[in-house]
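*Asks:* What follows is start.txt, compact mmCIF, C-alpha atoms.
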# COMPACT_ATOMS: atom_id res chain seq x y z
CA MET A 1 -3.58 29.84 44.25
CA MET A 2 -5.03 30.79 40.84
CA PRO A 3 -8.70 31.85 40.70
CA ILE A 4 -11.03 29.22 39.31
CA GLY A 5 -11.91 31.47 36.35
CA LEU A 6 -8.29 31.41 35.20
CA MET A 7 -7.92 27.63 35.39
CA SER A 8 -8.83 25.23 32.63
CA PRO A 9 -12.55 24.28 32.48
CA TRP A 10 -11.84 20.67 33.43
CA ILE A 11 -9.91 21.65 36.57
CA SER A 12 -12.77 23.96 37.53
CA ARG A 13 -15.28 21.14 37.09
CA LEU A 14 -13.14 18.76 39.13
CA ILE A 15 -13.01 21.26 41.98
CA ILE A 16 -16.80 21.68 41.88
CA VAL A 17 -17.33 17.90 42.02
CA MET A 18 -14.90 17.61 44.96
CA PHE A 19 -16.73 20.44 46.71
CA ILE A 20 -20.08 18.64 46.28
CA PHE A 21 -18.64 15.41 47.69
CA ALA A 22 -17.22 17.32 50.65
CA ALA A 23 -20.59 18.99 51.21
CA TYR A 24 -22.33 15.60 51.02
CA SER A 25 -20.02 14.19 53.67
CA ALA A 26 -20.74 17.11 55.94
CA SER A 27 -24.46 17.47 55.18
CA PRO A 28 -26.31 15.28 52.63
CA SER A 29 -29.26 17.68 52.57
CA LEU A 30 -26.96 20.61 51.69
CA ALA A 31 -25.42 18.62 48.83
CA PHE A 32 -28.90 17.71 47.57
CA TRP A 33 -29.99 21.33 47.41
CA LEU A 34 -26.72 22.37 45.74
CA VAL A 35 -27.19 19.77 43.00
CA THR A 36 -30.88 20.66 42.61
CA GLY A 37 -30.05 24.37 42.29
CA ALA A 38 -27.37 23.66 39.70
CA ALA A 39 -29.80 21.52 37.68
CA ILE A 40 -32.45 24.24 37.73
CA ALA A 41 -29.88 26.84 36.62
CA ALA A 42 -28.70 24.58 33.79
CA VAL A 43 -32.27 24.00 32.55
CA ALA A 44 -33.07 27.72 32.71
CA THR A 45 -29.90 28.58 30.77
CA TYR A 46 -30.73 25.97 28.14
CA LEU A 47 -34.28 27.28 27.74
CA PHE A 48 -33.09 30.90 27.52
CA HIS A 49 -30.34 30.35 24.96
CA GLY A 50 -32.44 27.85 23.03
CA ARG A 51 -35.31 30.36 22.75
CA TYR A 52 -37.74 27.88 24.38
CA LEU A 53 -39.23 30.26 26.94
CA PRO A 54 -42.88 31.36 26.62
CA ARG A 55 -43.35 34.32 24.25
CA PHE A 56 -44.40 36.71 27.02
CA ILE A 57 -41.04 36.43 28.82
CA MET A 58 -38.80 36.10 25.76
CA ASP A 59 -36.47 38.86 24.62
CA VAL A 60 -38.27 41.07 22.10
CA LEU A 61 -35.65 40.19 19.49
CA ASP A 62 -36.35 36.48 19.99
CA ARG A 63 -40.06 37.06 19.45
CA LEU A 64 -39.99 39.43 16.51
CA THR A 65 -36.88 38.64 14.44
CA ASN A 66 -34.06 36.20 13.86
CA ARG A 67 -31.93 37.22 16.82
CA THR A 68 -28.94 35.05 15.90
CA ALA A 69 -28.73 36.49 12.38
CA LEU A 70 -29.15 40.01 13.75
CA GLU A 71 -26.39 39.55 16.33
CA ASP A 72 -24.03 38.08 13.73
CA SER A 73 -24.73 40.94 11.31
CA TYR A 74 -24.28 43.54 14.05
CA ARG A 75 -20.94 42.06 15.11
CA ALA A 76 -19.75 42.01 11.50
CA LYS A 77 -20.93 45.58 10.90
CA SER A 78 -19.30 46.80 14.12
CA LYS A 79 -16.03 44.97 13.50
CA GLN A 80 -13.00 47.22 13.58
CA LEU A 81 -9.64 46.03 12.42
CA ILE A 82 -7.04 46.11 15.19
CA THR A 83 -4.26 43.99 13.77
CA ILE A 84 -3.96 41.24 11.19
CA ASP A 85 -1.72 38.26 10.51
CA ALA A 86 -0.06 39.18 7.20
CA ASP A 87 1.01 35.62 6.38
CA ASP A 88 -2.45 34.20 7.04
CA LEU A 89 -4.15 36.98 5.05
CA ALA A 90 -1.78 36.47 2.11
CA ARG A 91 -2.38 32.72 2.17
CA ARG A 92 -6.16 33.11 2.09
CA VAL A 93 -6.11 35.75 -0.64
CA LYS A 94 -3.66 33.83 -2.84
CA ALA A 95 -6.04 30.88 -2.77
CA ARG A 96 -8.62 33.06 -4.52
CA VAL A 97 -6.50 35.44 -6.63
CA ILE A 98 -4.47 33.72 -9.34
CA GLY A 99 -1.02 34.67 -10.52
CA GLN A 100 -0.29 37.72 -8.35
CA ASP A 101 1.48 36.17 -5.37
CA GLU A 102 4.17 38.86 -5.07
CA ALA A 103 1.63 41.69 -5.11
CA VAL A 104 -0.66 39.91 -2.63
CA GLU A 105 2.20 39.31 -0.18
CA ALA A 106 3.34 42.94 -0.40
CA ILE A 107 -0.22 44.20 0.12
CA ALA A 108 -0.71 41.97 3.18
CA ILE A 109 2.52 43.24 4.76
CA GLN A 110 1.63 46.88 4.13
CA LEU A 111 -1.91 46.39 5.46
CA ARG A 112 -0.56 44.90 8.66
CA ARG A 113 1.69 47.92 9.16
CA ARG A 114 -0.98 50.49 8.29
CA ILE A 115 -3.66 48.90 10.48
CA ALA A 116 -1.31 48.55 13.46
CA ALA A 117 -0.14 52.18 13.14
CA ARG A 118 -3.65 53.59 12.94
CA ARG A 119 -3.64 57.28 11.98
CA ARG A 120 -6.40 59.55 13.25
CA ASP A 121 -6.05 62.09 10.45
CA LYS A 122 -5.69 59.69 7.50
CA PRO A 123 -7.33 56.54 6.12
CA LEU A 124 -5.93 53.18 7.15
CA ALA A 125 -4.34 52.95 3.70
CA VAL A 126 -4.50 54.39 0.19
CA PHE A 127 -3.29 51.76 -2.28
CA CYS A 128 -3.13 51.75 -6.07
CA LEU A 129 -3.29 48.46 -7.99
CA ALA A 130 -1.78 49.02 -11.43
CA GLY A 131 -1.17 46.80 -14.43
CA PRO A 132 -2.78 45.28 -17.52
CA PRO A 133 -6.57 44.89 -17.70
CA GLY A 134 -8.15 41.61 -16.68
CA VAL A 135 -5.44 40.31 -14.34
CA GLY A 136 -7.37 40.42 -11.06
CA LYS A 137 -6.97 43.95 -9.66
CA THR A 138 -10.68 44.56 -9.03
CA HIS A 139 -11.19 40.96 -7.92
CA LEU A 140 -8.38 41.32 -5.37
CA ALA A 141 -9.98 44.40 -3.81
CA LYS A 142 -13.29 42.55 -3.45
CA VAL A 143 -11.56 39.52 -1.92
CA LEU A 144 -9.71 41.75 0.57
CA ALA A 145 -12.99 43.29 1.74
CA GLN A 146 -14.41 39.84 2.37
CA GLU A 147 -11.31 38.46 4.06
CA LEU A 148 -10.76 41.50 6.29
CA TYR A 149 -14.34 42.14 7.35
CA GLY A 150 -16.07 38.80 6.84
CA ASN A 151 -18.38 39.79 3.98
CA ARG A 152 -18.67 42.14 1.02
CA SER A 153 -21.08 44.51 2.76
CA HIS A 154 -17.94 46.36 3.81
CA LEU A 155 -17.05 47.06 0.18
CA HIS A 156 -17.96 50.45 -1.33
CA PHE A 157 -17.54 50.06 -5.10
CA PHE A 158 -17.38 53.01 -7.49
CA ASP A 159 -16.87 52.72 -11.25
CA MET A 160 -14.80 55.84 -11.86
CA SER A 161 -15.40 55.70 -15.62
CA GLN A 162 -18.81 57.22 -14.81
CA PHE A 163 -17.20 60.40 -13.50
CA GLY A 164 -15.48 61.69 -16.64
CA GLN A 165 -16.94 65.20 -16.29
CA PRO A 166 -16.06 67.75 -13.57
CA HIS A 167 -19.68 68.09 -12.39
CA ALA A 168 -19.90 64.31 -11.86
CA ALA A 169 -18.23 64.80 -8.47
CA ALA A 170 -21.61 65.96 -7.13
CA SER A 171 -22.95 62.41 -7.24
CA LEU A 172 -20.05 61.29 -5.02
CA PHE A 173 -19.75 64.21 -2.60
CA GLY A 174 -23.23 65.76 -2.68
CA GLN A 175 -24.80 68.73 -4.42
CA ALA A 176 -24.66 72.33 -3.19
CA ARG A 177 -27.87 73.79 -1.77
CA GLY A 178 -30.24 75.17 -4.36
CA TYR A 179 -29.42 72.53 -6.96
CA VAL A 180 -31.37 69.42 -7.87
CA GLY A 181 -30.33 66.60 -5.53
CA SER A 182 -29.04 68.90 -2.79
CA THR A 183 -31.27 67.27 -0.20
CA SER A 184 -29.56 63.88 -0.39
CA TYR A 185 -26.03 62.76 0.44
CA GLY A 186 -23.50 61.89 -2.22
CA ALA A 187 -22.87 58.20 -2.89
CA LEU A 188 -19.41 58.19 -1.29
CA THR A 189 -20.27 60.26 1.77
CA ALA A 190 -23.46 58.25 2.37
CA ALA A 191 -21.59 54.95 2.13
CA LEU A 192 -18.87 56.08 4.55
CA ARG A 193 -21.42 57.51 6.96
CA ASP A 194 -23.33 54.22 7.08
CA SER A 195 -20.29 51.89 7.06
CA PRO A 196 -17.02 53.69 7.86
CA GLU A 197 -15.01 50.47 8.34
CA ALA A 198 -14.77 49.41 4.72
CA VAL A 199 -12.74 49.00 1.56
CA VAL A 200 -13.51 51.89 -0.82
CA LEU A 201 -12.80 50.58 -4.33
CA LEU A 202 -12.26 53.29 -6.95
CA ASP A 203 -12.21 51.15 -10.08
CA GLU A 204 -10.45 52.42 -13.24
CA PHE A 205 -9.50 55.59 -11.41
CA GLU A 206 -7.67 57.11 -14.39
CA LYS A 207 -10.96 57.45 -16.32
CA ALA A 208 -12.40 59.99 -13.87
CA HIS A 209 -11.91 63.71 -14.54
CA PRO A 210 -8.84 65.30 -12.87
CA ASP A 211 -11.16 67.60 -10.90
CA VAL A 212 -12.85 64.51 -9.46
CA HIS A 213 -9.42 63.10 -8.55
CA LYS A 214 -8.59 66.21 -6.57
CA ARG A 215 -11.79 65.98 -4.54
CA PHE A 216 -10.29 62.91 -2.85
CA LEU A 217 -7.22 64.77 -1.56
CA THR A 218 -8.89 65.87 1.66
CA ALA A 219 -10.20 62.34 2.27
CA TRP A 220 -6.68 60.95 1.97
CA ASN A 221 -4.74 63.77 3.60
CA ASP A 222 -6.95 64.97 6.46
CA GLY A 223 -9.02 61.93 7.37
CA PHE A 224 -12.44 63.26 6.40
CA VAL A 225 -14.55 64.12 3.38
CA THR A 226 -17.02 67.00 3.30
CA GLU A 227 -20.62 66.42 2.29
CA VAL A 228 -21.40 69.41 0.09
CA SER A 229 -25.16 69.51 0.73
CA ASP A 230 -24.87 70.29 4.46
CA GLY A 231 -21.15 70.75 5.12
CA ALA A 232 -20.95 67.68 7.35
CA ARG A 233 -17.54 66.07 7.80
CA VAL A 234 -17.61 62.33 7.23
CA PRO A 235 -14.55 60.53 8.70
CA THR A 236 -12.39 58.40 6.42
CA ASN A 237 -9.83 57.26 8.99
CA ASP A 238 -11.36 53.77 9.30
CA ALA A 239 -11.48 53.16 5.55
CA ILE A 240 -9.04 51.48 3.16
CA PHE A 241 -9.01 53.20 -0.24
CA ILE A 242 -7.99 51.02 -3.19
CA LEU A 243 -7.57 52.54 -6.64
CA THR A 244 -7.25 50.36 -9.71
CA THR A 245 -5.84 51.66 -12.98
CA ASN A 246 -4.89 50.44 -16.45
CA ALA A 247 -2.77 53.53 -17.11
CA ALA A 248 0.73 52.70 -18.37
CA SER A 249 -0.38 49.06 -18.23
CA ARG A 250 2.21 47.69 -20.65
CA ARG A 251 5.10 49.37 -18.86
CA ILE A 252 3.88 48.43 -15.38
CA GLY A 253 3.22 44.86 -16.50
CA GLU A 254 6.81 44.62 -17.70
CA ILE A 255 8.06 46.07 -14.40
CA ALA A 256 6.12 43.44 -12.45
CA GLU A 257 7.20 40.61 -14.72
CA ASN A 258 10.88 41.44 -15.20
CA SER A 259 11.90 43.27 -12.05
CA ARG A 260 13.97 41.31 -9.55
CA GLY A 261 14.19 44.21 -7.14
CA LYS A 262 12.55 44.75 -3.78
CA PRO A 263 8.86 45.68 -3.52
CA ASP A 264 9.85 49.27 -2.68
CA GLU A 265 11.79 49.51 -5.94
CA ILE A 266 8.92 48.06 -7.97
CA ALA A 267 6.53 50.54 -6.32
CA ARG A 268 8.87 53.45 -7.14
CA LEU A 269 9.16 52.45 -10.80
CA SER A 270 5.40 51.96 -11.04
CA LYS A 271 4.73 55.37 -9.53
CA ALA A 272 7.09 56.93 -12.05
CA ALA A 273 5.19 55.18 -14.85
CA LEU A 274 1.90 56.59 -13.57
CA ALA A 275 3.43 60.06 -13.38
CA ASP A 276 4.46 59.76 -17.04
CA ALA A 277 0.86 58.70 -17.79
CA GLN A 278 -0.34 62.10 -16.51
CA PHE A 279 -1.38 61.15 -13.00
CA ALA A 280 -1.40 64.43 -11.05
CA PRO A 281 1.61 64.77 -8.68
CA GLU A 282 -0.64 65.77 -5.77
CA VAL A 283 -2.65 62.58 -6.25
CA LEU A 284 0.41 60.33 -6.48
CA SER A 285 1.95 61.93 -3.40
CA ARG A 286 -1.04 60.86 -1.30
CA ILE A 287 -1.05 57.24 -2.48
CA ASP A 288 0.73 55.16 0.15
CA GLU A 289 1.81 52.33 -2.15
CA VAL A 290 1.54 51.32 -5.81
CA PHE A 291 1.42 47.56 -6.44
CA ALA A 292 2.29 46.27 -9.92
CA PHE A 293 0.30 43.35 -11.39
CA ARG A 294 1.86 41.12 -14.02
CA PRO A 295 0.10 39.61 -17.05
CA LEU A 296 -1.32 36.12 -16.60
CA LYS A 297 0.60 33.38 -18.42
CA GLY A 298 0.88 29.61 -18.70
CA LEU A 299 -0.59 27.61 -15.85
CA ASP A 300 -2.02 30.74 -14.26
CA ILE A 301 -4.41 30.90 -17.22
CA ALA A 302 -5.17 27.20 -16.70
CA ARG A 303 -6.05 27.87 -13.05
CA VAL A 304 -8.37 30.74 -13.99
CA VAL A 305 -10.02 28.63 -16.69
CA ALA A 306 -10.56 25.76 -14.24
CA LEU A 307 -12.11 28.07 -11.64
CA GLU A 308 -14.36 29.72 -14.23
CA ILE A 309 -15.54 26.33 -15.49
CA GLU A 310 -16.36 25.36 -11.90
CA THR A 311 -18.26 28.62 -11.35
CA LEU A 312 -20.24 28.14 -14.55
CA ALA A 313 -21.08 24.56 -13.63
CA ARG A 314 -22.42 25.62 -10.24
CA GLN A 315 -24.67 28.18 -11.91
CA PHE A 316 -26.40 25.21 -13.55
CA GLY A 317 -26.56 23.21 -10.31
CA LEU A 318 -23.67 20.97 -11.34
CA GLU A 319 -20.47 20.05 -9.52
CA ILE A 320 -17.18 19.17 -11.19
CA ALA A 321 -15.90 15.83 -9.88
CA ASP A 322 -12.40 15.71 -8.37
CA GLY A 323 -9.96 15.71 -11.26
CA GLY A 324 -12.95 16.09 -13.54
CA ILE A 325 -11.54 18.53 -16.11
CA ASP A 326 -9.54 16.93 -18.89
CA PRO A 327 -6.01 18.45 -18.89
CA LYS A 328 -6.23 18.78 -22.69
CA ILE A 329 -9.09 21.26 -22.27
CA LEU A 330 -6.92 23.49 -20.10
CA LEU A 331 -3.84 23.13 -22.28
CA ASP A 332 -5.80 24.03 -25.42
CA ALA A 333 -7.36 26.98 -23.60
CA VAL A 334 -3.93 28.23 -22.45
CA GLU A 335 -2.65 28.16 -26.04
CA ALA A 336 -5.74 29.74 -27.58
CA LEU A 337 -6.26 32.39 -24.91
CA SER A 338 -2.59 33.36 -24.68
CA GLN A 339 -2.49 34.02 -28.41
CA GLN A 340 -5.80 35.81 -28.72
CA MET A 341 -6.52 37.58 -25.43
CA HIS A 342 -3.22 38.26 -23.69
CA GLY A 343 -4.36 36.66 -20.46
CA GLY A 344 -7.29 38.97 -19.68
CA VAL A 345 -9.63 37.37 -17.16
CA ARG A 346 -12.72 39.07 -18.60
CA ASP A 347 -11.91 37.77 -22.07
CA ILE A 348 -11.25 34.32 -20.65
CA THR A 349 -14.62 34.34 -18.88
CA ARG A 350 -16.52 35.33 -22.00
CA GLU A 351 -14.73 32.69 -24.06
CA ILE A 352 -15.50 29.97 -21.50
CA GLU A 353 -19.18 30.91 -21.52
CA ARG A 354 -19.30 30.44 -25.28
CA GLU A 355 -17.36 27.18 -25.18
CA VAL A 356 -18.84 25.12 -22.35
CA THR A 357 -22.31 26.47 -21.57
CA ASP A 358 -24.07 24.26 -24.14
CA SER A 359 -22.29 21.25 -22.72
CA LEU A 360 -23.47 22.07 -19.20
CA ILE A 361 -27.06 22.65 -20.32
CA GLU A 362 -27.01 19.26 -22.04
CA ALA A 363 -25.69 17.56 -18.91
CA ARG A 364 -28.32 19.13 -16.66
CA ALA A 365 -31.09 18.19 -19.07
CA ASN A 366 -29.97 14.57 -18.72
CA GLY A 367 -30.31 14.69 -14.93
CA ALA A 368 -26.64 15.08 -13.98
CA THR A 369 -25.54 16.54 -10.64
CA ARG A 370 -21.81 15.76 -10.92
CA ILE A 371 -19.90 15.83 -14.17
CA ARG A 372 -16.55 15.42 -15.84
CA LEU A 373 -15.46 17.37 -18.90
CA LEU A 374 -13.56 15.44 -21.58
CA SER A 375 -12.08 16.63 -24.86
CA ASP A 376 -11.84 14.57 -28.05
CA GLY A 377 -9.75 17.23 -29.77
CA ALA A 378 -12.60 18.91 -31.61
CA SER A 379 -15.32 19.17 -28.98
CA THR A 380 -16.03 18.86 -25.30
CA LYS A 381 -18.14 16.12 -23.74
CA ALA A 382 -19.83 16.37 -20.35
CA ILE A 383 -19.87 12.99 -18.60
CA ALA A 384 -22.69 12.65 -16.05
CA LEU A 385 -21.84 10.70 -12.90
CA ASP A 386 -24.52 8.72 -11.08
CA ALA A 387 -24.54 7.76 -7.39
CA ARG A 388 -22.14 4.87 -8.00
CA ASN A 389 -19.76 7.14 -9.96
CA GLU A 390 -20.50 5.16 -13.12
CA PRO A 391 -20.25 7.57 -16.05
CA ALA A 392 -22.93 7.89 -18.67
CA ALA A 393 -21.88 9.80 -21.77
CA VAL A 394 -23.77 12.98 -22.52
CA PRO A 395 -23.14 14.47 -25.95
CA ALA A 396 -22.00 18.08 -25.92
CA LYS A 397 -22.24 20.67 -28.66
CA SER A 398 -19.61 23.19 -27.64
CA GLU A 399 -16.10 23.33 -28.95
CA LEU A 400 -13.40 24.39 -26.53
CA THR A 401 -10.65 25.55 -28.83
CA ALA A 402 -10.74 27.92 -31.73
Give the structure from this file in C-alpha cells form.
*Replies:*
Amino acid sequence: MMPIGLMSPWISRLIIVMFIFAAYSASPSLAFWLVTGAAIAAVATYLFHGRYLPRFIMDVLDRLTNRTALEDSYRAKSKQLITIDADDLARRVKARVIGQDEAVEAIAIQLRRRIAARRRDKPLAVFCLAGPPGVGKTHLAKVLAQELYGNRSHLHFFDMSQFGQPHAAASLFGQARGYVGSTSYGALTAALRDSPEAVVLLDEFEKAHPDVHKRFLTAWNDGFVTEVSDGARVPTNDAIFILTTNAASRRIGEIAENSRGKPDEIARLSKAALADAQFAPEVLSRIDEVFAFRPLKGLDIARVVALEIETLARQFGLEIADGGIDPKILLDAVEALSQQMHGGVRDITREIEREVTDSLIEARANGATRIRLLSDGASTKAIALDARNEPAAVPAKSELTA
C-alpha cells in the first residue's frame, strides 16, 4: 500500500476522516481529543504563517522586516539554472522581442544545451548577437535575464564603448596595488562576486580596445576571472556572457535576411563576417555561437511602434483601449520610418516621442485614463474614454507622419 504522503491530498483527507469515525466508534472521548488537537494545531499554524503571534515569540524577521519579500528575494538571488524548456522560453521571449523569431529560437535551443551540459571550467555560454543597430540585440539580452532568473537584478550591463583605451580594463578587472583605486574591486569582478548566476551583457563589444577584449579570454576559457587588486579568482562558470556588436552590420543583416540555410550555417557566415571586421581570432574562437539579427521591416515596425505608443501612454498614467490605435497611424509610421530610419528601434522611439507626446499630455490634462488614438491624415487625436466607454474628443497637437 502506498504511503499517505504519496497519495493525492483528497485521498489522505478521506483516510483521516475514516480514521476519526473509527476512533469515535471505539472511544468517543479519544475521537474528541483527536479533533481538538487537530483544531489547535490548525489554529497555531494559521497564526504562525499569518504573522499573528505576539511580537515576543515571533521570528525576528517577522518583527523587524518584510519576511515574505526577503524570502522571495533570497530565493530569486539563490536561483541556479538546472534546465530550461527551450520552446517555452522562446515563446515568452518572442512575445517581447519583435522581428527576430529565428534568432530567439536558436538562442533558446543553445541555452538549453549549454545549461544542461554545465561546464565547471567555462561559463554557461558565450554568445554574440550581431546585426544592424536598433533591432533589439540589447533588449533581447535584458529580456533573457528577466525570463531566466525572474528579474533584472541578475543582469550585469557594461557599455563597452567606455573602454576604448587599454588602461580602461582596470575599471572592469581592478587596479594593481599601489595605484589609485587598488583598494576596490573592478566593476565586473565585483558584480560576479556578488551575483555569479547572471547574464553579463557586454554591449557594443567592438568599441572596446583589443587589449580589453583579450582580458576576457580567461573568463571564457578557464571559468574564472582574476581580480587584479588582490589576485582573487572570481568564478564565471555560472554566468552567461552575451556580446552585442554592430560590426559588419550590413553584411550580417543580409545574411540573416536572405539565408535559407541552417542556424549553424548562418552562425558560420556571421563569424566569418566578424573576422573580416577585425575581430581577433582568439576572441572569436571562444565565442560559442554568433546569432545574426535581421533589419526590422513592414509589420514588425508597426508592432514596435504600437508597443512604444503603449509604453509612452503608461508613462502619463494612460491606457490604450483594446484596438485603440488607428491602423492608419501605424501604416504611416511604417512608411515614414522605413524610408528615413532603416528600422532602428532607437530612432523609432525618438520619433514616437516627438509625434504623440503632446497628444498624450492633452488627454491627461482633460482627465482621461483610457484613450484611443485616431488619425485624420494630418494629425493625431487622442480620444478620452469615460466609464461608459463613450468617447469625448480631445484635440491633439502632434503630427504622426512627416
*Asks:* Counting only C-alpha atoms, figure out which residue out of A:Gln162, A:Ser359, A:Ser171, A:Asn151 gets nearest to Glu204 in chain A.
*Replies:*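 Residue with the minimum atom-to-atom distance to Glu204 in chain A: A:Gln162.
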*Asks:* Give one line per residue of range 135-227 of chain A that approaches range 236-239 of chain A to at most 12 Å, naming the two atoms of the closest pair and their distance in Å to one decimal, counting all atoms listed in the file; sort by chain then ascending residue number and deliver it as CSV.
*Replies:*
residue,atom,partner,partner_atom,distance
A:Ala145,CA,A:Ala239,CA,10.7
A:Leu148,CA,A:Ala239,CA,11.7
A:Tyr149,CA,A:Ala239,CA,11.5
A:His154,CA,A:Ala239,CA,9.5
A:Leu155,CA,A:Ala239,CA,9.9
A:His156,CA,A:Ala239,CA,9.8
A:Leu188,CA,A:Thr236,CA,10.4
A:Thr189,CA,A:Thr236,CA,9.3
A:Ala190,CA,A:Thr236,CA,11.8
A:Ala191,CA,A:Thr236,CA,10.7
A:Leu192,CA,A:Thr236,CA,7.1
A:Arg193,CA,A:Thr236,CA,9.1
A:Asp194,CA,A:Thr236,CA,11.7
A:Ser195,CA,A:Ala239,CA,9.0
A:Pro196,CA,A:Asp238,CA,5.8
A:Glu197,CA,A:Asp238,CA,5.0
A:Ala198,CA,A:Ala239,CA,5.1
A:Val199,CA,A:Ala239,CA,5.9
A:Val200,CA,A:Ala239,CA,6.8
A:Leu201,CA,A:Ala239,CA,10.3
A:Phe216,CA,A:Thr236,CA,10.5
A:Leu217,CA,A:Thr236,CA,11.4
A:Thr218,CA,A:Thr236,CA,9.5
A:Ala219,CA,A:Thr236,CA,6.1
A:Trp220,CA,A:Thr236,CA,7.7
A:Asn221,CA,A:Thr236,CA,9.8
A:Asp222,CA,A:Thr236,CA,8.5
A:Gly223,CA,A:Thr236,CA,5.0
A:Phe224,CA,A:Thr236,CA,4.9
A:Val225,CA,A:Thr236,CA,6.8
A:Thr226,CA,A:Thr236,CA,10.3
*Asks:* Give me the residues near Val290 in chain A as a ChimeraX atom specification, where near means some atom within 9 Å (using only C-alpha atoms) and where sequence neighbours in that chain fewer than 4 positions away do not count.
*Replies:* /A:127-130,266-268,270-271
*Asks:* Excluding same-chain residues fewer than 5 positions from range 132-135 of chain A, what lies within 12 Å of it counting only C-alpha atoms, as a PyMOL selection string?
*Replies:* chain A and resi 97-100+103+140+203-204+244-257+292-297+300-301+304+341-350
*Asks:* As an exercise, work out the distance from CA of Arg119 in chain A to CA of Glu265 in chain A in Å and give it to one decimal place.
*Replies:*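 That distance, rounded to one decimal, is 24.9 Å.
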*Asks:* Rounded to one decimal place, report the CA of Leu111 in chain A-CA of Phe279 in chain A distance in Å.
*Replies:* 23.6 Å
*Asks:* Between A:Asp288, A:Gln146, A:Asp230, A:Arg92, single out the one closest to Arg114 in chain A, counting all atoms listed in the file.
*Replies:* A:Asp288
*Asks:* For CA of Leu269 in chain A and CA of Ser285 in chain A, quote the distance in Å rounded to one decimal.
*Replies:*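 One can read the CA of Leu269 in chain A to CA of Ser285 in chain A distance as 14.0 Å.
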*Asks:* Specify the axis-aligned box that encloses all atoms of range 28-31 of chain A listed in the file after padding of 8 Å on each side, stating its centre and edge lengths in Å to one decimal as lines of an AutoDock Vina configuration file.
*Replies:*
center_x = -27.3
center_y = 17.9
center_z = 50.7
size_x = 19.8
size_y = 21.3
size_z = 19.8
*Asks:* Can you work out which one of A:Lys122, A:Phe158, A:Asp376, A:His213 has the shortest atom-to-atom distance to Ala187 in chain A, counting all atoms listed in the file?
*Replies:*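 Closest to Ala187 in chain A of all the choices is A:Phe158.
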*Asks:* I need the residue nearest Trp33 in chain A from this list: A:Glu227, A:Ile20, A:Ala365, A:Ile352. Use only C-alpha atoms for the distance.
*Replies:* A:Ile20
*Asks:* Using only C-alpha atoms, find the one residue out of A:Arg233, A:Lys381, A:His167, A:Arg112 that sits nearest to Pro210 in chain A.
*Replies:* A:His167
*Asks:* Just checking: using all atoms listed in the file, which residue out of A:Leu330, A:Ala176, A:Leu360, A:Val234 ends up closest to Gly317 in chain A?
*Replies:*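 Distance minimum relative to Gly317 in chain A lands on A:Leu360.
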*Asks:* For the point (-5.4, 43.4, 15.3) in file coordinates, what residues are within 12 Å, counting all atoms listed in the file? Give the answer as a list in words?
*Replies:*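 Using all atoms listed in the file, the matching residues come out as Lys79, Gln80, Leu81, Ile82, Thr83, Ile84, Asp85, Ala86, Leu111, Arg112, Arg113, Arg114, Ile115, Ala116, Ala117, Arg118 and Leu148 of chain A.
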